[in-house]
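Working notes for the structure below.
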Amino acid sequence: MGYPDGMWSRADDPGNQAEYAIACEARGLREGRRARLLDDGSIVVKASSGHGSYRVRVAGVRDGLVVLRCDCPSGGYRARLPVPCKHAALAARRLEREGLARWDDHLGGWSPRHRPPARARAVATVLNRPGSSDPAA
């Protein structure tokens, strides 16, 4: 599954964000990438090119969607998107498996869950802190 036609040039169009996030997730899964939740609340995803990993962090919640930031190159130039890259999409999927987020068809992305399990408290704290917002918005 590739990116939808024209997605690269229109990824930050609000009408394409859900489709882009799903395509990013599918690409990461197809490549066999996995996300690992760390004790500090960040999520690590192994890089596709070469050795090393990228770190994804929850930046906050904007318009009901979890906003993720990744230190990969795509995460930098697509920082306006709630899910800027495949690493962030895999991190969102991990948050979903941990019970911290859920896919919301209506919003077209991952939204926070209000009652996370105790084992993922570090990420829940970031998601639920008062005034949590996306600094890049």
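Labels for the structure tokens follow display order: chains A, B, ..., residues from 1 in each chain, ligands from 1.
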
Within 9 Å of stretch 42-58 of chain A, counting only C-alpha atoms, which residues qualify if same-chain residues fewer than 4 places away don't, as a PyMOL selection string?
chain A and resi 28+31+33-38+66-72+75+87-88+90-91+94-95+122-123+126-127

Would you compute the distance between atom CA of A:Gly41 and atom CA of A:Arg78? Give it in Å to one decimal.
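Separating atom CA of A:Gly41 from atom CA of A:Arg78 is a distance of 21.7 Å.
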
Can you measure atom CA of A:Asp40 to atom CA of A:Asp105 for me? One decimal in Å is fine.
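Atom-to-atom, atom CA of A:Asp40 and atom CA of A:Asp105 are spaced 29.1 Å apart.
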
Rounded to one decimal, what separation in Å do you get between atom CA of A:Arg27 and atom CA of A:Ser111?
21.0 Å

Shell of 10 Å around A:Glu96, only C-alpha atoms, local chain residues under 6 positions omitted, as a ChimeraX atom specification
/A:90,102-103,110-113

Given only C-alpha atoms as the basis, pick out the residue of A:Val61, A:Leu100, A:Cys24, A:Ala18 nearest to A:Ser74.
A:Cys24
